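Structure data follow from input02.csv (CSV, C-alpha atoms and all ligand atoms):
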```
chain,number,residue,atom,x,y,z
A,1018,MET,CA,36.4,-1.7,29.3
A,1019,VAL,CA,33.0,-3.0,28.2
A,1020,SER,CA,31.3,-1.0,25.5
A,1021,SER,CA,27.7,0.0,26.3
A,1022,PRO,CA,25.0,-1.8,24.3
A,1023,PRO,CA,23.4,0.2,21.5
A,1024,ARG,CA,20.4,2.1,22.8
A,1025,SER,CA,17.0,0.7,22.0
A,1026,ILE,CA,15.1,2.0,19.0
A,1027,ARG,CA,11.8,3.7,19.7
A,1028,ILE,CA,8.9,3.1,17.3
A,1029,GLY,CA,6.0,5.6,17.4
A,1030,SER,CA,2.4,4.5,16.9
A,1031,ARG,CA,-1.1,5.7,17.3
A,1032,LYS,CA,-3.0,3.8,20.0
A,1033,SER,CA,-5.9,2.5,17.9
A,1034,GLN,CA,-6.2,-1.3,17.7
A,1035,LEU,CA,-5.4,-1.2,14.0
A,1036,ALA,CA,-2.4,1.0,14.4
A,1037,LEU,CA,-1.0,-1.2,17.2
A,1038,VAL,CA,-1.5,-4.4,15.1
A,1039,GLN,CA,0.4,-2.8,12.3
A,1040,THR,CA,3.2,-1.4,14.5
A,1041,HIS,CA,3.7,-4.7,16.4
A,1042,TRP,CA,4.0,-6.4,13.0
A,1043,VAL,CA,6.8,-4.0,12.0
A,1044,GLN,CA,8.4,-4.4,15.4
A,1045,ALA,CA,8.4,-8.2,15.1
A,1046,GLU,CA,9.8,-8.1,11.6
A,1047,LEU,CA,12.6,-5.9,12.6
A,1048,GLN,CA,13.4,-7.7,15.8
A,1049,GLN,CA,13.6,-11.0,13.8
A,1050,ARG,CA,16.1,-9.4,11.3
A,1051,PHE,CA,18.1,-7.4,13.8
A,1052,ALA,CA,18.2,-9.6,16.9
A,1053,ASP,CA,21.0,-7.6,18.5
A,1054,ARG,CA,18.9,-4.4,18.6
A,1055,LYS,CA,16.0,-3.7,20.9
A,1056,PHE,CA,12.8,-2.2,19.4
A,1057,GLU,CA,10.3,-0.5,21.7
A,1058,VAL,CA,6.8,0.8,20.9
A,1059,HIS,CA,5.8,4.3,22.1
A,1060,THR,CA,2.1,5.2,21.6
A,1061,MET,CA,0.8,8.8,21.1
A,1062,SER,CA,-2.6,10.1,20.4
A,1063,THR,CA,-3.1,12.3,17.4
A,1064,GLN,CA,-5.7,15.0,16.7
A,1065,GLY,CA,-7.6,12.5,14.6
A,1066,ASP,CA,-8.0,10.2,17.6
A,1067,LYS,CA,-9.5,13.0,19.6
A,1068,ILE,CA,-11.9,14.6,17.1
A,1069,LEU,CA,-14.4,11.8,16.3
A,1070,ASP,CA,-17.5,13.8,15.8
A,1071,VAL,CA,-16.5,16.0,12.8
A,1072,ALA,CA,-16.5,14.6,9.3
A,1073,LEU,CA,-12.8,14.2,8.3
A,1074,ALA,CA,-13.2,16.3,5.2
A,1075,LYS,CA,-14.5,19.2,7.1
A,1076,ILE,CA,-11.5,19.3,9.5
A,1077,GLY,CA,-9.5,20.0,6.4
A,1078,ASP,CA,-6.2,19.7,8.1
A,1079,LYS,CA,-3.7,17.3,6.5
A,1080,GLY,CA,-1.7,15.2,8.9
A,1081,LEU,CA,-4.6,14.6,11.2
A,1082,PHE,CA,-3.3,11.2,12.2
A,1083,THR,CA,0.4,11.9,11.9
A,1084,LYS,CA,1.4,15.3,13.2
A,1085,GLU,CA,2.0,14.5,16.8
A,1086,LEU,CA,4.2,11.5,15.8
A,1087,GLU,CA,6.1,13.8,13.4
A,1088,ILE,CA,6.8,16.3,16.2
A,1089,GLY,CA,8.0,13.3,18.4
A,1090,MET,CA,10.4,12.3,15.7
A,1091,LEU,CA,11.8,15.8,15.2
A,1092,GLN,CA,12.3,16.2,18.9
A,1093,GLY,CA,14.0,12.8,19.2
A,1094,GLU,CA,11.4,11.1,21.4
A,1095,ILE,CA,10.8,8.4,18.8
A,1096,ASP,CA,13.0,7.2,16.0
A,1097,PHE,CA,10.4,6.4,13.4
A,1098,ALA,CA,6.6,6.1,13.0
A,1099,VAL,CA,4.4,3.5,11.5
A,1100,HIS,CA,1.4,4.8,9.6
A,1101,SER,CA,-1.3,3.5,7.3
A,1102,LEU,CA,0.2,5.0,4.2
A,1103,LYS,CA,-3.1,6.4,3.1
A,1104,ASP,CA,-3.2,8.6,6.2
A,1105,LEU,CA,0.3,10.0,5.6
A,1106,PRO,CA,0.2,13.4,3.7
A,1107,THR,CA,2.0,13.5,0.4
A,1108,ARG,CA,4.1,16.4,1.6
A,1109,LEU,CA,6.1,15.7,4.7
A,1110,PRO,CA,7.6,18.2,7.1
A,1111,GLU,CA,11.2,19.4,6.5
A,1112,GLY,CA,13.6,16.9,8.0
A,1113,LEU,CA,11.4,13.9,7.7
A,1114,MET,CA,11.0,11.3,4.9
A,1115,LEU,CA,9.1,8.2,3.9
A,1116,GLY,CA,11.8,5.6,4.8
A,1117,CYS,CA,10.0,2.5,3.8
A,1118,VAL,CA,6.8,1.1,2.2
A,1119,THR,CA,5.9,-2.4,3.2
A,1120,GLU,CA,4.1,-5.1,1.1
A,1121,ARG,CA,0.6,-4.1,0.4
A,1122,GLU,CA,-2.6,-6.0,1.5
A,1123,ASP,CA,-5.4,-6.0,-1.0
A,1124,PRO,CA,-6.0,-2.2,-1.4
A,1125,ALA,CA,-9.6,-2.6,-2.4
A,1126,ASP,CA,-12.7,-1.3,-0.6
A,1127,ALA,CA,-15.1,-3.8,0.9
A,1128,LEU,CA,-18.9,-3.9,1.2
A,1129,VAL,CA,-20.1,-5.1,4.7
A,1130,VAL,CA,-23.8,-5.7,4.9
A,1131,HIS,CA,-26.4,-6.1,7.6
A,1132,ALA,CA,-27.6,-9.7,8.1
A,1133,ARG,CA,-30.9,-8.9,6.3
A,1134,HIS,CA,-28.9,-8.3,3.1
A,1135,GLN,CA,-26.8,-11.5,3.1
A,1136,ASP,CA,-28.1,-12.3,-0.4
A,1137,LYS,CA,-27.3,-8.9,-1.9
A,1138,GLN,CA,-24.3,-7.3,-3.6
A,1139,ILE,CA,-23.6,-3.5,-4.1
A,1140,ASP,CA,-25.7,-3.5,-7.3
A,1141,THR,CA,-28.7,-5.4,-5.8
A,1142,LEU,CA,-29.2,-3.4,-2.6
A,1143,PRO,CA,-32.8,-2.1,-2.7
A,1144,GLU,CA,-33.7,1.5,-3.5
A,1145,GLY,CA,-33.1,3.8,-0.5
A,1146,ALA,CA,-30.8,1.3,1.3
A,1147,VAL,CA,-28.7,3.3,3.7
A,1148,VAL,CA,-24.9,3.0,3.1
A,1149,GLY,CA,-22.5,4.3,5.7
A,1150,THR,CA,-19.2,6.0,4.7
A,1151,SER,CA,-17.5,9.3,5.5
A,1152,SER,CA,-15.0,9.0,2.7
A,1153,LEU,CA,-15.7,11.6,0.0
A,1154,ARG,CA,-14.0,9.2,-2.4
A,1155,ARG,CA,-16.3,6.3,-1.7
A,1156,LEU,CA,-19.3,8.5,-1.5
A,1157,ALA,CA,-18.7,10.2,-4.9
A,1158,GLN,CA,-18.0,6.9,-6.7
A,1159,LEU,CA,-21.0,5.0,-5.2
A,1160,GLN,CA,-23.4,7.9,-5.8
A,1161,HIS,CA,-22.1,8.0,-9.4
A,1162,HIS,CA,-22.9,4.3,-10.0
A,1163,TYR,CA,-25.9,3.8,-7.6
A,1164,PRO,CA,-27.9,7.1,-7.3
A,1165,HIS,CA,-30.8,5.1,-5.9
A,1166,LEU,CA,-29.0,4.3,-2.7
A,1167,ALA,CA,-29.0,6.7,0.4
A,1168,PHE,CA,-25.7,7.6,2.0
A,1169,LYS,CA,-25.0,8.6,5.6
A,1170,ASP,CA,-21.9,9.7,7.4
A,1171,ILE,CA,-20.3,7.2,9.8
A,1172,ARG,CA,-17.4,7.8,12.2
A,1173,GLY,CA,-15.6,5.9,14.9
A,1174,ASN,CA,-13.2,2.9,14.8
A,1175,LEU,CA,-13.9,-0.3,13.0
A,1176,ASN,CA,-15.7,-2.0,15.9
A,1177,THR,CA,-17.9,1.0,16.5
A,1178,ARG,CA,-18.9,1.1,12.9
A,1179,LEU,CA,-19.6,-2.6,12.7
A,1180,GLN,CA,-21.8,-2.3,15.9
A,1181,LYS,CA,-23.8,0.6,14.3
A,1182,LEU,CA,-24.3,-1.6,11.2
A,1183,ASP,CA,-25.4,-4.6,13.2
A,1184,ALA,CA,-27.7,-2.5,15.4
A,1185,GLY,CA,-29.6,-1.7,12.2
A,1186,GLU,CA,-28.6,2.0,11.7
A,1187,PHE,CA,-27.2,1.1,8.2
A,1188,ASP,CA,-28.0,-1.4,5.6
A,1189,ALA,CA,-24.4,-1.6,4.6
A,1190,ILE,CA,-21.1,0.1,5.2
A,1191,ILE,CA,-17.9,0.5,3.2
A,1192,LEU,CA,-14.5,-0.3,4.8
A,1193,ALA,CA,-11.0,-1.1,3.5
A,1194,VAL,CA,-10.4,-4.8,3.0
A,1195,ALA,CA,-6.9,-4.3,4.5
A,1196,GLY,CA,-8.1,-3.0,7.9
A,1197,LEU,CA,-10.7,-5.8,8.3
A,1198,ARG,CA,-8.1,-8.5,7.4
A,1199,ARG,CA,-5.4,-7.1,9.7
A,1200,LEU,CA,-7.9,-7.0,12.6
A,1201,GLY,CA,-8.9,-10.6,12.0
A,1202,MET,CA,-12.3,-9.7,10.8
A,1203,ALA,CA,-12.0,-10.9,7.2
A,1204,GLU,CA,-15.2,-12.9,7.5
A,1205,ARG,CA,-17.1,-9.6,7.6
A,1206,ILE,CA,-16.0,-8.8,4.0
A,1207,HIS,CA,-19.2,-9.5,2.0
A,1208,GLN,CA,-18.0,-8.2,-1.3
A,1209,VAL,CA,-14.7,-6.8,-2.5
A,1210,LEU,CA,-15.6,-3.9,-4.7
A,1211,PRO,CA,-13.9,-4.1,-8.1
A,1212,PRO,CA,-12.0,-1.0,-9.4
A,1213,GLU,CA,-14.8,-0.3,-11.9
A,1214,VAL,CA,-17.0,0.5,-8.9
A,1215,SER,CA,-14.6,2.0,-6.4
A,1216,LEU,CA,-11.0,3.1,-7.1
A,1217,HIS,CA,-9.1,2.9,-3.8
A,1218,ALA,CA,-7.4,5.7,-1.9
A,1219,VAL,CA,-3.8,6.5,-2.6
A,1220,GLY,CA,-1.5,4.2,-0.6
A,1221,GLN,CA,-4.4,2.1,0.7
A,1222,GLY,CA,-3.4,-1.3,2.2
A,1223,ALA,CA,0.3,-0.4,2.6
A,1224,LEU,CA,2.2,0.8,5.6
A,1225,GLY,CA,4.4,3.8,5.4
A,1226,ILE,CA,7.3,4.2,7.8
A,1227,GLU,CA,8.3,7.8,8.3
A,1228,CYS,CA,11.7,8.7,9.7
A,1229,ARG,CA,14.3,11.5,10.0
A,1230,ALA,CA,15.8,12.2,6.6
A,1231,GLU,CA,19.3,12.3,8.0
A,1232,ASP,CA,19.1,9.2,10.1
A,1233,SER,CA,21.1,6.8,8.0
A,1234,GLU,CA,21.2,4.2,10.8
A,1235,ILE,CA,17.4,3.9,10.9
A,1236,LEU,CA,17.0,4.1,7.2
A,1237,GLU,CA,19.4,1.2,6.8
A,1238,LEU,CA,17.2,-0.9,9.2
A,1239,LEU,CA,13.9,0.1,7.5
A,1240,LYS,CA,15.2,-0.8,4.0
A,1241,ALA,CA,14.9,-4.5,5.1
A,1242,LEU,CA,11.1,-4.1,5.2
A,1243,GLU,CA,10.7,-2.3,1.9
A,1244,HIS,CA,8.6,-4.1,-0.8
A,1245,GLN,CA,9.8,-2.7,-4.1
A,1246,PRO,CA,6.7,-3.4,-6.2
A,1247,THR,CA,4.4,-1.9,-3.6
A,1248,ALA,CA,6.8,1.1,-3.3
A,1249,TYR,CA,6.7,1.8,-7.0
A,1250,ARG,CA,2.9,1.6,-7.1
A,1251,CYS,CA,2.6,3.9,-4.0
A,1252,TYR,CA,5.1,6.4,-5.3
A,1253,ALA,CA,3.1,6.7,-8.5
A,1254,GLU,CA,-0.1,7.1,-6.6
A,1255,ARG,CA,1.3,9.6,-4.2
A,1256,SER,CA,2.8,11.8,-6.9
A,1257,PHE,CA,-0.5,11.7,-8.7
A,1258,LEU,CA,-2.3,13.0,-5.6
A,1259,ARG,CA,0.4,15.5,-4.7
A,1260,GLU,CA,0.0,17.1,-8.1
A,1261,LEU,CA,-3.8,17.4,-7.7
A,1262,GLU,CA,-4.6,18.2,-4.1
A,1263,GLY,CA,-5.3,21.4,-2.4
A,1264,GLY,CA,-5.9,21.7,1.3
A,1265,CYS,CA,-8.5,19.1,2.1
A,1266,GLN,CA,-9.7,15.6,1.3
A,1267,VAL,CA,-11.3,15.3,-2.1
A,1268,PRO,CA,-12.8,12.5,-4.1
A,1269,ILE,CA,-9.6,11.1,-5.7
A,1270,GLY,CA,-9.2,7.3,-6.4
A,1271,VAL,CA,-6.5,5.2,-7.9
A,1272,ASN,CA,-5.6,1.7,-9.0
A,1273,THR,CA,-2.2,0.4,-9.9
A,1274,THR,CA,-0.7,-2.8,-11.4
A,1275,ILE,CA,2.8,-3.9,-12.1
A,1276,GLU,CA,3.7,-6.5,-14.8
A,1277,GLY,CA,7.3,-7.0,-15.3
A,1278,ASN,CA,8.8,-3.6,-15.3
A,1279,THR,CA,5.6,-1.9,-16.5
A,1280,LEU,CA,3.5,0.0,-14.1
A,1281,THR,CA,-0.1,1.0,-14.9
A,1282,LEU,CA,-1.8,3.7,-12.9
A,1283,THR,CA,-5.5,4.6,-13.2
A,1284,GLY,CA,-6.7,7.7,-11.5
A,1285,MET,CA,-10.0,9.5,-11.1
A,1286,VAL,CA,-11.3,12.8,-9.8
A,1287,ALA,CA,-15.0,13.3,-9.1
A,1288,SER,CA,-17.3,16.0,-7.9
A,1289,LEU,CA,-18.7,15.6,-4.4
A,1290,ASP,CA,-22.0,14.3,-5.7
A,1291,GLY,CA,-20.3,12.0,-8.2
A,1292,GLN,CA,-22.1,13.6,-11.1
A,1293,GLN,CA,-18.9,14.7,-12.8
A,1294,MET,CA,-16.1,12.2,-13.0
A,1295,VAL,CA,-12.8,12.2,-15.0
A,1296,LYS,CA,-10.8,9.0,-15.2
A,1297,ASP,CA,-7.8,7.9,-17.2
A,1298,SER,CA,-4.8,5.5,-17.2
A,1299,ILE,CA,-1.1,5.7,-18.0
A,1300,SER,CA,1.6,3.0,-18.3
A,1301,GLY,CA,5.3,3.2,-18.3
A,1302,ALA,CA,8.5,2.0,-16.6
A,1303,ALA,CA,8.0,1.3,-12.9
A,1304,THR,CA,11.3,3.1,-12.2
A,1305,GLU,CA,9.6,6.2,-13.6
A,1306,ALA,CA,6.7,5.9,-11.0
A,1307,GLU,CA,6.7,9.5,-9.9
A,1308,ALA,CA,6.8,10.9,-13.4
A,1309,LEU,CA,3.9,8.7,-14.4
A,1310,GLY,CA,1.8,10.1,-11.5
A,1311,ILE,CA,2.6,13.7,-12.5
A,1312,GLN,CA,1.8,13.0,-16.1
A,1313,LEU,CA,-1.6,11.4,-15.3
A,1314,ALA,CA,-2.5,14.3,-13.1
A,1315,HIS,CA,-1.8,16.7,-16.0
A,1316,ASN,CA,-3.8,14.6,-18.4
A,1317,LEU,CA,-6.8,14.6,-16.0
A,1318,ARG,CA,-6.5,18.4,-15.5
A,1319,GLN,CA,-6.9,18.7,-19.3
A,1320,GLN,CA,-10.0,16.6,-19.1
A,1321,GLY,CA,-11.7,18.8,-16.5
A,1322,ALA,CA,-10.2,17.8,-13.1
A,1323,THR,CA,-9.1,21.4,-12.4
A,1324,GLU,CA,-12.7,22.7,-12.6
A,1325,ILE,CA,-14.0,19.8,-10.5
A,1326,LEU,CA,-11.4,20.4,-7.8
A,1327,GLU,CA,-11.9,24.2,-7.7
A,1328,ALA,CA,-15.6,23.7,-7.2
A,1329,ILE,CA,-14.9,21.4,-4.3
A,1330,PHE,CA,-12.5,23.7,-2.6
A,1331,THR,CA,-15.0,26.6,-2.8
A,1332,GLU,CA,-17.8,24.4,-1.5
A,1333,ILE,CA,-15.8,23.1,1.5
A,1334,GLN,CA,-14.5,26.6,2.4
A,1335,ARG,CA,-18.1,27.8,2.5
A,1336,GLY,CA,-18.6,25.1,5.2
A,1337,SER,CA,-21.2,23.1,3.3
B,1401,LIG,C1,-8.4,8.1,4.8
B,1401,LIG,C2,-9.7,7.8,4.4
B,1401,LIG,C3,-10.2,6.9,5.4
B,1401,LIG,C4,-9.2,6.7,6.3
B,1401,LIG,C5,-10.5,8.4,3.2
B,1401,LIG,C6,-10.7,7.4,2.1
B,1401,LIG,C7,-11.6,6.4,5.4
B,1401,LIG,C8,-12.5,7.3,6.1
B,1401,LIG,C9,-13.9,6.8,6.4
B,1401,LIG,C10,-7.5,9.0,4.1
B,1401,LIG,N1,-8.1,7.4,5.9
B,1401,LIG,O1,-10.3,6.2,2.1
B,1401,LIG,O2,-11.2,7.8,1.0
B,1401,LIG,O3,-14.3,5.7,5.9
B,1401,LIG,O4,-14.5,7.4,7.3
B,1401,LIG,C11,-8.3,4.5,7.4
B,1401,LIG,C12,-8.6,3.2,7.3
B,1401,LIG,C13,-7.4,2.5,7.1
B,1401,LIG,C14,-6.4,3.4,7.1
B,1401,LIG,C15,-10.0,2.6,7.4
B,1401,LIG,C16,-10.8,2.4,6.1
B,1401,LIG,C17,-7.2,1.0,7.0
B,1401,LIG,C18,-6.8,0.5,5.6
B,1401,LIG,C19,-5.4,0.9,5.2
B,1401,LIG,C20,-9.2,5.8,7.5
B,1401,LIG,N2,-6.9,4.6,7.3
B,1401,LIG,O5,-10.5,3.0,5.1
B,1401,LIG,O6,-11.7,1.6,6.2
B,1401,LIG,O7,-4.4,0.7,6.0
B,1401,LIG,O8,-5.2,1.3,4.0
```
What's the structure tokens form of this structure?
Ligand code: DPM
Amino acid sequence: MVSSPPRSIRIGSRKSQLALVQTHWVQAELQQRFADRKFEVHTMSTQGDKILDVALAKIGDKGLFTKELEIGMLQGEIDFAVHSLKDLPTRLPEGLMLGCVTEREDPADALVVHARHQDKQIDTLPEGAVVGTSSLRRLAQLQHHYPHLAFKDIRGNLNTRLQKLDAGEFDAIILAVAGLRRLGMAERIHQVLPPEVSLHAVGQGALGIECRAEDSEILELLKALEHQPTAYRCYAERSFLRELEGGCQVPIGVNTTIEGNTLTLTGMVASLDGQQMVKDSISGAATEAEALGIQLAHNLRQQGATEILEAIFTEIQRGS
């Protein structure tokens, strides 16, 4: 009697170029560590891949880029899914869990400029320069610091956005450093925005691998790719966001550092126009990451975050 070989493991991914680069990286890392198993990539398109003309914030639905993959996991079509962690909602469907957080790229935002502004930085762009972003977080923070700039929505994948910039539709655009680096376009990063200018999104720059909560075989494999410091930082960031959010995207930014066993989390909540902004930091043991996130959220609520968030939900519900 010969025993049948173990079945191959199916990895779910979106079809975008960035998603595939990330998923193929995970596949290669696992294949190298578990040479006796076979890892296959299965692509699916998500709601977010189909709706490209509506500003993300107005769609309101969480899980825009993850839902179809989650259904695939629950139905057993795929065994786990690779996401940009910042696109993974902080509350996951019953039966699924965050199985692994991989080592983070630089989580910062980047300024990418049109050729005519090669000699400029974010704080020297001229009055009225048109900056493209559809992130409420980036918009609020940049409007706060640079009210003399003009801001315009921009959608589409990275290449589409860069083409729009190069065609002259924008003077500059803001993108994540991580996405540009992973797609081999690091040379387009003109300036890495410091945290004083732009706090990044929760989970930015890290990959989150989601799997079935009971699937101990898959969890065991995924553990090999976990990067502990990144995981602590992202757990703190995610619990901060979970404690603050309602039903849509809001201007919330974070920054985290780890030194020794001490984790420092900075968080901010801003109004849509960036005029009101509350920001604070907290430090403590990295092993208490989630408690730190919750405590910081409570501290910010006492400093006015609740009123800012309520005003945003009302505004977005009115369909502004
Ligand atoms: C989320 C936001 C954006 C993405 C909102 C935000 C940017 C939207 C936009 C939650 N997801 O950051 O405040 O600019 O229109 C996304 C990108 C990456 C993952 C692209 C980017 C790559 C970086 C990473 C889209 N999701 O932010 O430039 O893996 O963290």
Cut-off 9 Å, only C-alpha atoms and all ligand atoms, neighbours of ligand LIG 1401 (chain B) as a PyMOL selection string = chain A and resi 1035-1036+1039+1072-1074+1082+1100-1106+1121-1127+1149-1156+1170-1175+1190-1197+1199+1217-1224+1266-1270
Close residues, Gln1064 (chain A) itself excluded, 9 Å, all atoms listed in the file, min 3 positions apart in chain, as number ranges by chain = A: 1067-1068, 1080-1085
Contact check, region 1190-1291 of chain A to region 1046-1052 of chain A, at most 10 Å, counting all atoms listed in the file, closest pairs as JSON lines:
```
{"residue": "A:Leu1238", "atom": "CA", "partner": "A:Leu1047", "partner_atom": "CA", "distance": 7.6}
{"residue": "A:Leu1239", "atom": "CA", "partner": "A:Leu1047", "partner_atom": "CA", "distance": 8.0}
{"residue": "A:Ala1241", "atom": "CA", "partner": "A:Leu1047", "partner_atom": "CA", "distance": 8.0}
{"residue": "A:Leu1242", "atom": "CA", "partner": "A:Glu1046", "partner_atom": "CA", "distance": 7.7}
```
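Shell of Thr1304 (chain A) at 9 Å, with only C-alpha atoms counted and residues fewer than 5 places along the chain excluded, is Tyr1249, Asn1278, Thr1279 and Leu1280 of chain A.
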Straight-line distance linking CA of Val1129 (chain A) with CA of Arg1205 (chain A), stated in Å to one decimal =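 It comes out at 6.1 Å.
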Counting only C-alpha atoms, the option among A:Gln1293, A:Ile1311, A:Cys1265, A:Thr1040 closest to Glu1324 (chain A) |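 Looking at the shortest contact to Glu1324 (chain A), the residue is A:Gln1293.
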Around (-27.7, 4.6, 4.9) in the file's frame, which residues reach within 9 Å when counting only C-alpha atoms? Return as an NGL selection string?
-> :A and (1145-1150 or 1166-1170 or 1186-1190)
Protein, DNA and RNA residues within 8 Å of (-3.0, 7.1, 19.9), only C-alpha atoms, as a list of chain:residue names =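 Here is the list of nearby residues: A:Ser1030, A:Arg1031, A:Lys1032, A:Ser1033, A:Thr1060, A:Met1061, A:Ser1062, A:Thr1063, A:Asp1066.
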Keeping C-alpha atoms, export the residues of the selection given above as an mmCIF file, in the coordinates of the input.
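Contents of out07.cif, as written:
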```
data_model
loop_
_atom_site.group_PDB
_atom_site.id
_atom_site.type_symbol
_atom_site.label_atom_id
_atom_site.label_comp_id
_atom_site.auth_asym_id
_atom_site.auth_seq_id
_atom_site.Cartn_x
_atom_site.Cartn_y
_atom_site.Cartn_z
ATOM 1 C CA SER A 1030 2.400 4.500 16.900
ATOM 2 C CA ARG A 1031 -1.100 5.700 17.300
ATOM 3 C CA LYS A 1032 -3.000 3.800 20.000
ATOM 4 C CA SER A 1033 -5.900 2.500 17.900
ATOM 5 C CA THR A 1060 2.100 5.200 21.600
ATOM 6 C CA MET A 1061 0.800 8.800 21.100
ATOM 7 C CA SER A 1062 -2.600 10.100 20.400
ATOM 8 C CA THR A 1063 -3.100 12.300 17.400
ATOM 9 C CA ASP A 1066 -8.000 10.200 17.600
#
```
Which one is closest to Arg1229 (chain A): A:Glu1111, A:Arg1027, A:Glu1057, A:His1161? Count only C-alpha atoms.
->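 Of all the options, A:Glu1111 lies closest to Arg1229 (chain A).
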